[in-house]
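Chemist: mmCIF, C-alpha atoms and all ligand atoms, saved as final-v9.cif, coming up:
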```cif
data_query
#
loop_
_atom_site.label_atom_id
_atom_site.label_comp_id
_atom_site.auth_asym_id
_atom_site.auth_seq_id
_atom_site.Cartn_x
_atom_site.Cartn_y
_atom_site.Cartn_z
CA MET Y 1 74.24 21.06 41.92
CA ASN Y 2 74.49 18.35 44.49
CA GLU Y 3 75.37 15.17 42.60
CA HIS Y 4 72.85 12.95 44.29
CA ILE Y 5 70.07 15.38 43.57
CA ALA Y 6 71.24 15.81 40.00
CA SER Y 7 71.03 12.07 39.42
CA ILE Y 8 67.55 11.94 40.95
CA GLN Y 9 66.49 14.70 38.56
CA THR Y 10 67.95 12.91 35.53
CA GLN Y 11 66.21 9.67 36.43
CA ALA Y 12 62.95 11.49 37.09
CA LEU Y 13 63.03 13.26 33.71
CA GLU Y 14 63.66 9.92 32.01
CA LEU Y 15 60.71 8.33 33.79
CA ILE Y 16 58.54 11.25 32.74
CA ALA Y 17 59.74 11.05 29.17
CA VAL Y 18 58.82 7.38 28.82
CA ALA Y 19 55.44 7.68 30.57
CA SER Y 20 52.85 7.02 27.88
CA ASP Y 21 49.57 7.64 29.69
CA ALA Y 22 48.11 9.48 32.69
CA ARG Y 23 48.58 6.53 34.91
CA SER Y 24 52.29 5.86 34.26
CA LEU Y 25 52.93 9.61 34.54
CA ASP Y 26 51.28 9.66 37.93
CA ASP Y 27 53.32 6.65 39.05
CA ALA Y 28 56.45 8.53 38.02
CA ARG Y 29 55.33 11.62 39.95
CA VAL Y 30 54.67 9.60 43.12
CA SER Y 31 58.00 7.78 42.88
CA VAL Y 32 59.87 11.09 42.86
CA LEU Y 33 57.71 13.74 44.57
CA GLY Y 34 55.47 11.52 46.70
CA LYS Y 35 55.90 11.38 50.49
CA LYS Y 36 58.38 8.52 50.11
CA GLY Y 37 59.60 9.58 46.68
CA SER Y 38 63.28 9.82 45.86
CA LEU Y 39 63.44 13.61 45.94
CA SER Y 40 61.42 13.86 49.13
CA LEU Y 41 63.74 11.40 50.87
CA ALA Y 42 66.80 13.28 49.59
CA GLY Y 43 65.27 16.47 50.93
CA ALA Y 44 64.75 14.94 54.35
CA ALA Y 45 68.49 14.34 54.53
CA ILE Y 46 69.15 18.08 54.68
CA LYS Y 47 69.40 17.82 58.42
CA ASP Y 48 72.61 15.73 58.05
CA VAL Y 49 74.22 18.17 55.61
CA PRO Y 50 77.02 20.30 57.10
CA LYS Y 51 75.87 23.77 57.92
CA GLU Y 52 77.92 25.57 55.29
CA GLU Y 53 76.55 23.35 52.49
CA LYS Y 54 72.91 23.57 53.58
CA ALA Y 55 72.08 26.63 51.44
CA ALA Y 56 73.52 25.15 48.24
CA PHE Y 57 71.82 21.83 48.98
CA GLY Y 58 68.47 23.58 49.46
CA GLN Y 59 68.89 25.44 46.19
CA SER Y 60 69.63 22.21 44.29
CA LEU Y 61 66.60 20.62 45.84
CA ASN Y 62 64.34 23.47 44.77
CA ALA Y 63 65.77 23.64 41.26
CA ALA Y 64 65.24 19.89 40.81
CA ARG Y 65 61.67 20.09 42.13
CA THR Y 66 60.85 22.95 39.76
CA ALA Y 67 62.32 21.18 36.74
CA ILE Y 68 60.53 17.92 37.53
CA THR Y 69 57.20 19.59 38.22
CA SER Y 70 57.20 21.51 34.99
CA ALA Y 71 58.20 18.39 33.04
CA ILE Y 72 55.22 16.58 34.56
CA GLU Y 73 52.84 19.41 33.63
CA GLU Y 74 54.09 19.49 30.05
CA LYS Y 75 53.72 15.77 29.73
CA GLN Y 76 50.23 15.90 31.23
CA ALA Y 77 49.12 18.42 28.62
CA ALA Y 78 50.60 16.31 25.83
CA ILE Y 79 48.87 13.15 27.07
CA GLN Y 80 45.55 15.01 27.36
CA GLN Y 81 45.86 16.31 23.83
CA ILE Y 82 46.42 12.81 22.49
CA ALA Y 83 43.39 11.54 24.45
CA ASP Y 84 41.21 14.36 23.10
CA ARG Y 85 42.23 13.66 19.54
CA ALA Y 86 41.48 9.97 19.99
CA ALA Y 87 38.03 10.76 21.41
CA LEU Y 88 37.20 12.89 18.39
CA ALA Y 89 38.61 10.48 15.80
CA GLY Y 90 35.80 9.29 13.55
CA ILE Y 91 33.47 12.11 14.58
CA ASP Y 92 32.75 14.71 11.91
CA ILE Y 93 32.60 17.85 14.00
CA THR Y 94 31.57 19.88 10.96
CA LEU Y 95 28.17 18.10 10.77
CA PRO Y 96 25.28 20.40 11.74
CA ALA Y 97 23.87 19.66 15.21
CA ARG Y 98 20.63 17.72 15.53
CA ALA Y 99 17.82 20.24 16.12
CA LEU Y 100 16.16 20.08 19.54
CA PRO Y 101 12.37 20.06 19.36
CA THR Y 102 11.14 23.44 20.55
CA GLY Y 103 8.03 23.89 22.66
CA ALA Y 104 5.26 26.34 21.78
CA LEU Y 105 2.14 27.80 23.30
CA HIS Y 106 -1.09 25.82 22.93
CA PRO Y 107 -3.38 27.33 20.26
CA LEU Y 108 -5.96 28.13 22.94
CA THR Y 109 -3.34 29.98 24.96
CA GLN Y 110 -2.32 31.88 21.85
CA ILE Y 111 -5.93 32.91 21.14
CA ARG Y 112 -6.59 33.83 24.77
CA ASP Y 113 -3.44 35.97 24.92
CA GLU Y 114 -4.28 37.67 21.64
CA ALA Y 115 -7.89 38.43 22.65
CA THR Y 116 -6.69 39.70 26.01
CA HIS Y 117 -4.08 41.88 24.35
CA ILE Y 118 -6.59 43.53 21.98
CA LEU Y 119 -9.02 44.28 24.81
CA ARG Y 120 -6.35 45.49 27.19
CA CYS Y 121 -5.20 47.94 24.52
CA MET Y 122 -8.80 49.24 24.57
CA GLY Y 123 -8.60 49.82 28.33
CA PHE Y 124 -10.07 46.64 29.79
CA ALA Y 125 -8.31 45.29 32.90
CA LEU Y 126 -8.06 41.61 33.81
CA ALA Y 127 -10.42 40.24 36.46
CA ASP Y 128 -10.76 36.77 37.94
CA GLY Y 129 -13.22 34.63 39.86
CA PRO Y 130 -13.54 31.06 41.17
CA GLU Y 131 -14.45 28.10 38.95
CA ILE Y 132 -16.33 26.48 41.83
CA GLU Y 133 -19.19 28.94 42.19
CA ASP Y 134 -22.40 29.32 44.13
CA GLU Y 135 -25.83 29.66 42.61
CA PHE Y 136 -26.04 33.29 43.59
CA HIS Y 137 -23.04 34.43 41.52
CA CYS Y 138 -23.68 32.06 38.62
CA PHE Y 139 -27.45 32.52 38.33
CA ASP Y 140 -29.47 34.54 40.86
CA ALA Y 141 -27.47 37.74 40.66
CA LEU Y 142 -27.54 37.39 36.88
CA ASN Y 143 -31.30 37.61 37.00
CA THR Y 144 -31.68 33.93 36.11
CA PRO Y 145 -34.79 32.47 37.77
CA ALA Y 146 -34.76 29.18 39.68
CA ASP Y 147 -36.69 27.38 36.94
CA HIS Y 148 -34.36 28.48 34.12
CA PRO Y 149 -33.19 25.42 32.09
CA ALA Y 150 -29.51 26.34 32.53
CA ARG Y 151 -29.90 25.64 36.26
CA ASN Y 152 -31.13 22.14 35.61
CA GLU Y 153 -29.08 19.25 37.06
CA LYS Y 154 -28.96 17.85 33.55
CA ASP Y 155 -27.05 20.89 32.34
CA THR Y 156 -24.89 21.89 35.29
CA PHE Y 157 -22.35 20.04 37.44
CA TYR Y 158 -23.50 20.44 41.06
CA PHE Y 159 -21.57 19.42 44.17
CA ASP Y 160 -23.36 17.86 47.16
CA SER Y 161 -22.67 21.12 49.00
CA GLY Y 162 -24.95 22.93 46.55
CA LYS Y 163 -21.98 24.65 44.89
CA LEU Y 164 -21.42 24.15 41.18
CA LEU Y 165 -18.85 24.37 38.40
CA ARG Y 166 -19.52 27.74 36.80
CA THR Y 167 -21.48 27.37 33.56
CA HIS Y 168 -20.14 30.66 32.20
CA THR Y 169 -17.62 33.33 33.11
CA SER Y 170 -20.45 35.85 33.63
CA SER Y 171 -20.17 35.16 37.36
CA VAL Y 172 -16.98 37.26 37.30
CA GLN Y 173 -19.09 40.30 36.33
CA ILE Y 174 -21.00 39.90 39.58
CA ARG Y 175 -17.90 39.34 41.71
CA THR Y 176 -16.29 42.43 40.22
CA MET Y 177 -19.32 44.68 40.71
CA GLU Y 178 -19.61 43.52 44.32
CA THR Y 179 -16.43 45.35 45.24
CA ALA Y 180 -15.42 47.73 42.44
CA THR Y 181 -16.31 51.39 42.13
CA PRO Y 182 -17.53 52.45 38.66
CA PRO Y 183 -16.33 53.13 36.05
CA ILE Y 184 -15.64 49.41 35.58
CA ARG Y 185 -13.97 48.02 32.49
CA ILE Y 186 -12.90 44.39 32.90
CA ILE Y 187 -12.34 41.19 30.98
CA ALA Y 188 -12.19 37.71 32.50
CA PRO Y 189 -10.87 34.80 30.43
CA GLY Y 190 -11.38 31.38 31.99
CA SER Y 191 -12.89 27.90 31.95
CA ALA Y 192 -16.60 27.11 32.08
CA TYR Y 193 -18.34 23.75 32.55
CA ARG Y 194 -21.55 22.23 31.22
CA ARG Y 195 -22.97 18.73 31.09
CA ASP Y 196 -23.02 18.82 27.30
CA GLU Y 197 -22.75 15.72 25.12
CA ILE Y 198 -19.20 15.83 23.77
CA ASP Y 199 -19.06 16.12 19.99
CA ALA Y 200 -17.16 18.02 17.29
CA THR Y 201 -18.40 21.38 18.56
CA HIS Y 202 -19.05 20.76 22.28
CA LEU Y 203 -16.88 19.92 25.27
CA SER Y 204 -17.93 19.74 28.91
CA VAL Y 205 -15.00 22.01 29.78
CA PHE Y 206 -14.54 24.98 27.50
CA ASN Y 207 -13.09 28.46 27.53
CA GLN Y 208 -14.78 31.82 27.55
CA LEU Y 209 -13.83 35.44 27.80
CA GLU Y 210 -16.22 37.70 29.66
CA GLY Y 211 -16.29 41.48 29.37
CA LEU Y 212 -18.05 44.20 31.32
CA TYR Y 213 -18.11 47.97 30.91
CA VAL Y 214 -20.08 50.11 33.37
CA ASP Y 215 -20.00 53.91 33.31
CA THR Y 216 -22.23 56.91 32.75
CA ASP Y 217 -23.58 56.95 29.19
CA VAL Y 218 -22.45 53.52 27.98
CA THR Y 219 -24.61 52.87 24.95
CA LEU Y 220 -25.48 50.11 22.51
CA PRO Y 221 -23.35 51.75 19.78
CA ASP Y 222 -20.40 51.55 22.21
CA LEU Y 223 -21.02 47.83 22.57
CA LYS Y 224 -21.35 47.33 18.85
CA GLY Y 225 -18.30 49.43 17.99
CA THR Y 226 -16.15 47.74 20.63
CA LEU Y 227 -16.98 44.21 19.56
CA GLU Y 228 -16.86 44.92 15.84
CA TYR Y 229 -13.42 46.43 16.34
CA PHE Y 230 -12.40 43.39 18.40
CA PHE Y 231 -13.46 40.85 15.76
CA HIS Y 232 -11.84 42.88 12.99
CA GLU Y 233 -8.58 42.93 14.94
CA MET Y 234 -8.92 39.20 15.53
CA PHE Y 235 -9.93 38.02 12.06
CA GLY Y 236 -9.15 40.91 9.71
CA THR Y 237 -11.03 44.07 8.83
CA THR Y 238 -12.88 42.50 5.91
CA THR Y 239 -14.52 39.89 8.17
CA GLU Y 240 -18.27 40.40 8.41
CA VAL Y 241 -19.77 40.55 11.91
CA ARG Y 242 -23.49 40.50 12.64
CA PHE Y 243 -25.55 41.13 15.79
CA ARG Y 244 -28.62 38.89 15.98
CA PRO Y 245 -31.31 39.72 18.58
CA HIS Y 246 -31.43 37.07 21.29
CA PHE Y 247 -32.37 36.68 24.95
CA PHE Y 248 -30.14 36.53 28.01
CA PRO Y 249 -31.64 37.07 31.47
CA PHE Y 250 -28.92 39.52 32.51
CA THR Y 251 -28.91 41.87 29.51
CA GLU Y 252 -31.63 43.87 27.76
CA PRO Y 253 -31.52 44.14 24.83
CA SER Y 254 -29.38 41.05 24.12
CA PHE Y 255 -27.66 39.76 21.01
CA GLU Y 256 -25.73 36.86 19.70
CA ILE Y 257 -22.76 37.73 17.52
CA ASP Y 258 -21.96 35.77 14.38
CA VAL Y 259 -18.81 35.98 12.29
CA LYS Y 260 -18.92 35.12 8.59
CA LEU Y 261 -16.66 32.16 8.03
CA GLN Y 262 -14.91 31.98 4.69
CA VAL Y 263 -13.13 28.64 4.54
CA LYS Y 264 -11.45 27.82 1.24
CA GLY Y 265 -13.48 25.31 -0.74
CA GLN Y 266 -16.60 25.80 1.42
CA ALA Y 267 -19.65 27.99 1.02
CA PRO Y 268 -19.40 31.00 3.40
CA ARG Y 269 -21.46 30.57 6.59
CA TRP Y 270 -22.20 32.43 9.81
CA MET Y 271 -20.67 31.06 13.00
CA GLU Y 272 -21.89 32.11 16.46
CA VAL Y 273 -18.99 33.38 18.57
CA ALA Y 274 -20.41 35.44 21.46
CA GLY Y 275 -23.39 36.68 23.44
CA CYS Y 276 -23.73 40.28 24.55
CA GLY Y 277 -26.11 43.01 25.57
CA MET Y 278 -26.80 46.04 27.75
CA VAL Y 279 -26.63 45.13 31.44
CA ASP Y 280 -30.16 44.71 32.81
CA PRO Y 281 -30.77 47.30 35.56
CA ALA Y 282 -32.16 44.44 37.66
CA VAL Y 283 -28.57 43.12 37.94
CA PHE Y 284 -27.35 46.47 39.30
CA GLU Y 285 -30.16 46.46 41.84
CA VAL Y 286 -29.32 42.99 43.18
CA ILE Y 287 -25.72 44.09 43.63
CA ASN Y 288 -26.69 47.33 45.36
CA SER Y 289 -28.91 45.55 47.82
CA ASN Y 290 -26.12 43.08 48.52
CA ARG Y 291 -23.52 45.84 48.93
CA LYS Y 292 -26.01 47.93 50.92
CA ASP Y 293 -25.09 51.02 48.92
CA ASP Y 294 -25.97 52.73 45.68
CA ALA Y 295 -22.65 52.27 43.88
CA LEU Y 296 -24.35 50.85 40.78
CA ASN Y 297 -27.20 53.30 40.57
CA PRO Y 298 -29.25 52.28 37.49
CA GLU Y 299 -30.51 55.87 37.18
CA LYS Y 300 -26.99 57.13 36.59
CA LEU Y 301 -25.09 54.20 35.14
CA THR Y 302 -25.43 51.91 32.17
CA GLY Y 303 -23.24 49.08 31.02
CA PHE Y 304 -22.60 46.50 28.38
CA ALA Y 305 -21.42 42.93 28.79
CA PHE Y 306 -20.27 40.16 26.51
CA GLY Y 307 -19.09 36.58 26.70
CA MET Y 308 -17.26 34.88 23.87
CA GLY Y 309 -16.17 31.31 23.27
CA LEU Y 310 -12.40 31.16 23.00
CA ASP Y 311 -12.42 27.61 21.63
CA ARG Y 312 -14.69 28.84 18.84
CA LEU Y 313 -12.32 31.69 18.04
CA ALA Y 314 -9.45 29.21 17.75
CA MET Y 315 -11.53 26.98 15.48
CA ILE Y 316 -12.30 29.92 13.22
CA ARG Y 317 -8.76 31.27 13.19
CA TRP Y 318 -7.19 28.00 12.11
CA GLY Y 319 -10.13 26.22 10.44
CA ILE Y 320 -10.18 23.49 13.10
CA LYS Y 321 -13.15 21.26 12.40
CA ASP Y 322 -13.26 19.25 15.65
CA ILE Y 323 -13.07 20.99 19.05
CA ARG Y 324 -11.83 17.76 20.66
CA LEU Y 325 -8.45 18.24 18.96
CA LEU Y 326 -7.89 21.13 21.35
CA ILE Y 327 -7.83 18.90 24.42
CA GLU Y 328 -6.31 15.67 23.13
CA ASN Y 329 -2.70 16.86 23.44
CA ASP Y 330 -1.68 15.08 20.26
CA THR Y 331 1.65 16.62 19.33
CA ARG Y 332 1.05 15.88 15.63
CA PHE Y 333 -1.80 18.39 15.86
CA LEU Y 334 -0.21 20.82 18.29
CA SER Y 335 3.17 21.08 16.53
CA GLN Y 336 1.39 22.86 13.64
CA PHE Y 337 0.95 25.88 15.92
CA ALA Y 338 4.60 26.10 16.96
N1 LIG W 401 -22.88 33.86 29.55
C1 LIG W 401 -23.39 33.68 28.21
C2 LIG W 401 -23.17 32.25 27.78
O1 LIG W 401 -22.37 31.57 28.35
C3 LIG W 401 -22.69 34.61 27.25
C4 LIG W 401 -23.05 36.03 27.52
C5 LIG W 401 -24.14 36.60 26.94
C6 LIG W 401 -22.28 36.79 28.36
C7 LIG W 401 -24.49 37.89 27.16
C8 LIG W 401 -22.59 38.11 28.60
C9 LIG W 401 -23.71 38.65 27.99
O2 LIG W 401 -21.89 38.87 29.41
O3 LIG W 401 -24.03 39.94 28.23
O4 LIG W 401 -23.79 31.80 26.84
#
```
Would you mind writing the structure in this file as structure tokens?
Modeler:
Amino acid sequence: MNEHIASIQTQALELIAVASDARSLDDARVSVLGKKGSLSLAGAAIKDVPKEEKAAFGQSLNAARTAITSAIEEKQAAIQQIADRAALAGIDITLPARALPTGALHPLTQIRDEATHILRCMGFALADGPEIEDEFHCFDALNTPADHPARNEKDTFYFDSGKLLRTHTSSVQIRTMETATPPIRIIAPGSAYRRDEIDATHLSVFNQLEGLYVDTDVTLPDLKGTLEYFFHEMFGTTTEVRFRPHFFPFTEPSFEIDVKLQVKGQAPRWMEVAGCGMVDPAVFEVINSNRKDDALNPEKLTGFAFGMGLDRLAMIRWGIKDIRLLIENDTRFLSQFA
């Protein structure tokens, strides 16, 4: 090997050997391999080397560069290893990691999804409608006369335009029948709004799930069987369900449904969870005259409808005593449902 190059290599390897950190190693690299480094300058002198020695000179140059480069890489790895060890010193890497808090679905979402799942398994499809409604879809088409108390300004949120926040999800029945061709089997979970005083069992925004089944030969036993099955799936087959005669303008006959609540340490009591009934033919007729056809012919078709309170179902499922807990977003409450 060319002597000059050999001495550059020896010096370089010494510099590399004594470098104790990334910085001094880099200084060493620049002083040898940098643009003005000793080896680079020696290499530039190749043009003055006699022709017959050029090849040997070039080989020496390459051999030195290879040796120096690999020495630098080795040293780099060693320095990095020392730095890594120092960073970990004092840390017990065998300690278990701190658990990250996991998110979970809100209890109302869980109940809504569960109710939807049960009914979809029975053949009901999801339907949807607007929360800002007009009086026709919320009341008139549901056979609710202009002087009905539910239409009162004290009970309903009206906009200046005359539109309103829907007071129940029953408006989705109407919107569905306006366009669908029977048989119709739909459910519509969603929010409803009333100017109720807020207390432990009332909110001005609450959640319902509406259902509608229209076909030839839909009967009251179908309604009863469907909803009994639903509540048994929801709360267990031993849960008692009762149908209490009631009045709704859009169904005849109509019922309210109660579920027998058995809370530990309390006397059993009935809790109202839903309204239901056989669709009043008058509702079909309003829709027909609006559609200008006979798609919902009351001579050929019958139907049942129901509307249940999802917040109530959640309260029953988990024994929640105050409905306000469901909207306060207090994680001490919500984390119990994770
Ligand atoms: N819309 C009623 C309410 O909010 C509940 C209801 C009763 C819905 C009877 C229905 C029904 O579809 O047939 O109190």
Chemist: Do a neighbour search on Gly225 in chain Y at 12 Å with all atoms listed in the file, toss out local chain neighbours closer than 4 positions, and write the hits as a PDB file with C-alpha atoms, in the frame of the given file.
Modeler:
```pdb
ATOM      1  CA  MET Y 122      -8.800  49.240  24.570  1.00  0.00           C
ATOM      2  CA  VAL Y 218     -22.450  53.520  27.980  1.00  0.00           C
ATOM      3  CA  THR Y 219     -24.610  52.870  24.950  1.00  0.00           C
ATOM      4  CA  LEU Y 220     -25.480  50.110  22.510  1.00  0.00           C
ATOM      5  CA  PRO Y 221     -23.350  51.750  19.780  1.00  0.00           C
ATOM      6  CA  TYR Y 229     -13.420  46.430  16.340  1.00  0.00           C
ATOM      7  CA  PHE Y 230     -12.400  43.390  18.400  1.00  0.00           C
ATOM      8  CA  PHE Y 231     -13.460  40.850  15.760  1.00  0.00           C
ATOM      9  CA  HIS Y 232     -11.840  42.880  12.990  1.00  0.00           C
ATOM     10  CA  VAL Y 241     -19.770  40.550  11.910  1.00  0.00           C
ATOM     11  CA  ARG Y 242     -23.490  40.500  12.640  1.00  0.00           C
ATOM     12  CA  PHE Y 243     -25.550  41.130  15.790  1.00  0.00           C
ATOM     13  CA  PHE Y 304     -22.600  46.500  28.380  1.00  0.00           C
TER      14      PHE Y 304
END
```
Chemist: Excluding Ile16 in chain Y and its own-chain neighbours fewer than 6 positions away, which residues fall within 12 Å of it when counting all atoms listed in the file? Please give them as a list of chain:residue names.
Modeler: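 Once the adjacent positions are removed, what remains is Y:Gln9, Y:Thr10, Y:Ala22, Y:Arg23, Y:Ser24, Y:Leu25, Y:Asp26, Y:Asp27, Y:Ala28, Y:Arg29, Y:Val30, Y:Ser31, Y:Val32, Y:Ala67, Y:Ile68, Y:Thr69, Y:Ser70, Y:Ala71, Y:Ile72, Y:Glu73, Y:Glu74, Y:Lys75, Y:Gln76, Y:Ala78, Y:Ile79.
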Chemist: Please write the residues from the selection above to a file, keeping C-alpha atoms, as a compact mmCIF listing (two decimals), in the coordinates of the input.
Modeler:
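After the write, part_21.txt holds the following:
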```txt
# COMPACT_ATOMS: atom_id res chain seq x y z
CA GLN Y 9 66.49 14.70 38.56
CA THR Y 10 67.95 12.91 35.53
CA ALA Y 22 48.11 9.48 32.69
CA ARG Y 23 48.58 6.53 34.91
CA SER Y 24 52.29 5.86 34.26
CA LEU Y 25 52.93 9.61 34.54
CA ASP Y 26 51.28 9.66 37.93
CA ASP Y 27 53.32 6.65 39.05
CA ALA Y 28 56.45 8.53 38.02
CA ARG Y 29 55.33 11.62 39.95
CA VAL Y 30 54.67 9.60 43.12
CA SER Y 31 58.00 7.78 42.88
CA VAL Y 32 59.87 11.09 42.86
CA ALA Y 67 62.32 21.18 36.74
CA ILE Y 68 60.53 17.92 37.53
CA THR Y 69 57.20 19.59 38.22
CA SER Y 70 57.20 21.51 34.99
CA ALA Y 71 58.20 18.39 33.04
CA ILE Y 72 55.22 16.58 34.56
CA GLU Y 73 52.84 19.41 33.63
CA GLU Y 74 54.09 19.49 30.05
CA LYS Y 75 53.72 15.77 29.73
CA GLN Y 76 50.23 15.90 31.23
CA ALA Y 78 50.60 16.31 25.83
CA ILE Y 79 48.87 13.15 27.07
```
Chemist: Suppose you want the space between CA of Val283 in chain Y and atom C9 of ligand LIG 401 (chain W); what is it in Å?
Modeler: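 Interatomic distance, CA of Val283 in chain Y to atom C9 of ligand LIG 401 (chain W): 11.9 Å.
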Chemist: Could you jot down the CA of Ala127 in chain Y to CA of Ala188 in chain Y separation for me, Å, one decimal place?
Modeler: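 Calculated distance between CA of Ala127 in chain Y and CA of Ala188 in chain Y is 5.0 Å.
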Chemist: Between Y:Thr176, Y:Ser171, Y:Gln262, Y:Thr239, single out the one closest to ligand LIG 401 (chain W), counting all atoms listed in the file.
Modeler: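 Under the stated criterion, the closest residue is Y:Ser171.
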Chemist: Taking only C-alpha atoms and all ligand atoms into account, report as a list in words which residues have an atom no farther than 7 Å from an atom of ligand LIG 401 (chain W).
Modeler: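 These are the residues that qualify: Thr167, His168, Thr169, Ser170, Glu210, Gly211, Leu212, Phe248, Phe250, Thr251, Ser254, Ala274, Gly275, Cys276, Gly277, Met278, Val279, Phe304, Ala305, Phe306, Gly307 and Met308 of chain Y.
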Chemist: Please write the residues from the selection above to a file, keeping C-alpha atoms, as a PDB file, keeping the file's coordinate frame.
Modeler:
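File produced: out11.pdb:
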```pdb
ATOM      1  CA  THR Y 167     -21.480  27.370  33.560  1.00  0.00           C
ATOM      2  CA  HIS Y 168     -20.140  30.660  32.200  1.00  0.00           C
ATOM      3  CA  THR Y 169     -17.620  33.330  33.110  1.00  0.00           C
ATOM      4  CA  SER Y 170     -20.450  35.850  33.630  1.00  0.00           C
ATOM      5  CA  GLU Y 210     -16.220  37.700  29.660  1.00  0.00           C
ATOM      6  CA  GLY Y 211     -16.290  41.480  29.370  1.00  0.00           C
ATOM      7  CA  LEU Y 212     -18.050  44.200  31.320  1.00  0.00           C
ATOM      8  CA  PHE Y 248     -30.140  36.530  28.010  1.00  0.00           C
ATOM      9  CA  PHE Y 250     -28.920  39.520  32.510  1.00  0.00           C
ATOM     10  CA  THR Y 251     -28.910  41.870  29.510  1.00  0.00           C
ATOM     11  CA  SER Y 254     -29.380  41.050  24.120  1.00  0.00           C
ATOM     12  CA  ALA Y 274     -20.410  35.440  21.460  1.00  0.00           C
ATOM     13  CA  GLY Y 275     -23.390  36.680  23.440  1.00  0.00           C
ATOM     14  CA  CYS Y 276     -23.730  40.280  24.550  1.00  0.00           C
ATOM     15  CA  GLY Y 277     -26.110  43.010  25.570  1.00  0.00           C
ATOM     16  CA  MET Y 278     -26.800  46.040  27.750  1.00  0.00           C
ATOM     17  CA  VAL Y 279     -26.630  45.130  31.440  1.00  0.00           C
ATOM     18  CA  PHE Y 304     -22.600  46.500  28.380  1.00  0.00           C
ATOM     19  CA  ALA Y 305     -21.420  42.930  28.790  1.00  0.00           C
ATOM     20  CA  PHE Y 306     -20.270  40.160  26.510  1.00  0.00           C
ATOM     21  CA  GLY Y 307     -19.090  36.580  26.700  1.00  0.00           C
ATOM     22  CA  MET Y 308     -17.260  34.880  23.870  1.00  0.00           C
TER      23      MET Y 308
END
```
Chemist: Could you pull out every residue with an atom within 12 Å of (-4.7, 37.0, 22.1), file coordinates, counting all atoms listed in the file, and send them as number ranges by chain?
Modeler: Y: 105-121, 189, 209, 230-231, 233-235, 310, 313-314, 317
